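The structure appears below as structure tokens.
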Amino acid sequence: MLQQTRPTGRPTAPTPELPNFEDGPLAQGREFVWSDADFSRIKALIYKKAGISLHDGKHAMVYSRVSRRLRETGHTSFKSYLDSLEQHDGPEWQEFINALTTNLTSFFREQHHFSVLEELLGAQRSHAWRIWCAAASTGEEPYSIAMTAAETLGASGSFQIVNSDIDTKVLATAARGVYKADGVKGLSHERLQRHFMRGKGANAGLMRVKPDLQKHMEFMSVNLIHELPFREQFDIVFCRNVMIYFDAATQRQVLERIHRVMKPGGTLFVGHAENFSDARSLFVLRGKTVYERI
């Protein structure tokens with residue numbers, strides 16, 4: 001091999017090869033190397049642990065969310081992080097699940113459900129109602145249910161709402177019952193006065209759910225693909241916008257579990273994009289995304 005020479009004619013060392021970034025993470029605008037194999041591995045793990053079925057269009061979302069866990073844990077590659085995850089049955093599994101769950105919610109979302117709920121409760125005001133909110137997220141849905149129950153049943157009404165989620169971080173937010181004032185601006189003045197306390201001083205701009213409403217609430221972590229931990233059956237279940245993350249087989253298994261913890265004739269509320277026509281042996285449609293337990 002000929003050596004390069006300077007104008008003086010003295011030999012120089014060979015020019016070192018520069019790293020090729022054409023197919024590396026920087027060329028993709030990414031901090032970490034990301035491959036189809038990484039995505040497939042994450043896809044298999046979240047399906048096994050939470051029943052969530054990720055389609056190929058979720059590459060960018062999965063990279064973004066799981067890469068935060070790499071930074072938090074000090075790993076420099078997805079392989080290293082996932083190897084560690086599988087080798088240790090520790091708290092990082094919950095962080096992994098939390099990272100990949102979606103928690104879009106708001107107060108009184110899908111308003112027609114709360115009109116149906118009001119009718120159900122109003123028809124049996126003396127009944128001791130048991131309600132399960134199976135995707136509590138940050139609490140807007142559970143407290144919407146609780147406000148409807150309190151307003152319909154009155155001060156002497158008896159109701160208990162069990163609120164669950166697989167994501168422990170959002171569940172902790174729900175249990176606190178504290179929201180920014182902007183987050184409750186869709187609620188009427190009357191509801192805010194009746195059900196919330198306005199923060200002062202260091203808590204200015206925050207709203208806290210009043211104890212009179214919160215006393216009806218119980219919060220617990222529940223994974224819907226495992227056997228459910230309830231001994232008493234429920235009159236009403238809200239499981240909205242959850243099944244869309246499961247494949248058909250997992251949907252059926254989860255519906256069977258929900259069926260077992262509901263009273264015959266109980267009411268199941270589901271999301272606007274969910275349809276369980278294949279589960280007619282378990283539930284029958286009674287209204288727009290409202291089912292009755294057979």
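If you're wondering about the labels, chains in the structure tokens are A, B, ... by order shown, residues count from 1 in each chain, ligands from 1 in order shown.
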So that I can check the surroundings of region 169-183 of chain A, please list as an NGL selection string every protein, DNA and RNA residue that reaches within 6 Å of it, counting only C-alpha atoms and ignoring chain neighbours fewer than 6 positions away. :A and (137-139 or 205-209)
- Query: Quick one: residues within 12 Å of Gly287 (chain A), only C-alpha atoms counted, chain neighbours fewer than 3 positions away excluded, as a list in words?
  - Reply: His112, His113, Ser115, Val116, Leu117, Thr267, Leu268, Phe269, Val270, His272, Asn275, Phe283, Val284, Val290, Tyr291 and Glu292 of chain A
Could you tell me how far CA of Arg293 (chain A) sits from CA of Met262 (chain A), in Å to one decimal place?
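Taking CA of Met262 (chain A) as the start and CA of Arg293 (chain A) as the end point, the length is 7.1 Å.
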Nearest candidate to Asn163 (chain A) (options A:Ser277, A:Thr101, A:Gln111, A:Gln214; using only C-alpha atoms):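 Checking each candidate against Asn163 (chain A), we get A:Gln214 as the closest.
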Problem set entry | Within 12 Å of Ser35 (chain A) using only C-alpha atoms, minus same-chain residues under 2 positions, as a VMD selection string | chain A and resid 23 to 25 28 30 32 to 33 37 to 42 59 to 60 62 to 63 77 to 79
- Find, counting only C-alpha atoms, the residue in A:Leu153, A:Met197, A:Ile166, A:Leu120 that gets nearest to Leu100 (chain A).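 Of A:Leu153, A:Met197, A:Ile166, A:Leu120, the one nearest Leu100 (chain A), counting only C-alpha atoms, is A:Ile166.
Distance-wise, CA of Thr289 (chain A) and CA of Ile236 (chain A) end up 13.6 Å apart.
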Hey, what's within 7 Å of region 66-71 of chain A if we count only C-alpha atoms and toss same-chain stuff fewer than 4 positions away? As a ChimeraX atom specification, please? /A:62,75-76,81,99
Once you have the residues from the selection above, write them out as a tab-separated table (two decimals), in the first residue's frame, restricted to N, CA and C atoms.
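Below is the file that was written, part-v7.tsv:
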chain	number	residue	atom	x	y	z
A	62	VAL	N	-43.12	3.54	20.62
A	62	VAL	CA	-42.41	2.61	21.50
A	62	VAL	C	-40.97	3.08	21.73
A	75	HIS	N	-28.87	2.44	30.86
A	75	HIS	CA	-28.51	1.50	29.80
A	75	HIS	C	-28.21	2.27	28.51
A	76	THR	N	-27.30	1.71	27.72
A	76	THR	CA	-26.89	2.38	26.48
A	76	THR	C	-27.46	1.73	25.23
A	81	TYR	N	-30.96	-3.13	28.06
A	81	TYR	CA	-32.10	-2.86	28.95
A	81	TYR	C	-33.04	-4.05	29.02
A	99	ALA	N	-44.68	2.74	31.01
A	99	ALA	CA	-44.19	3.52	29.86
A	99	ALA	C	-45.00	3.25	28.60
Hey, what does DSSP flag as strand (DSSP E or B) within region 99-204 of chain A? Can you give it to me as a list in words?
Ala128, Trp129, Arg130, Ile131, Trp132, Cys133, Ser158, Phe159, Gln160, Ile161, Val162, Asn163, Ser164, Asp165, Val178, Tyr179, Lys180, Phe196, Met197 and Arg198 of chain A
A:Thr250, A:Thr102, A:Asn241, A:Ser164 ranked by distance to Phe219 (chain A), top pick (using only C-alpha atoms):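 Among the listed residues, the smallest separation from Phe219 (chain A) belongs to A:Ser164.
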Contacts of Ala135 (chain A) at 10 Å (only C-alpha atoms; same-chain gap of 6+ positions) as a PyMOL selection string
chain A and resi 103+105+141-142+163-167+171+221-222+224+238-242
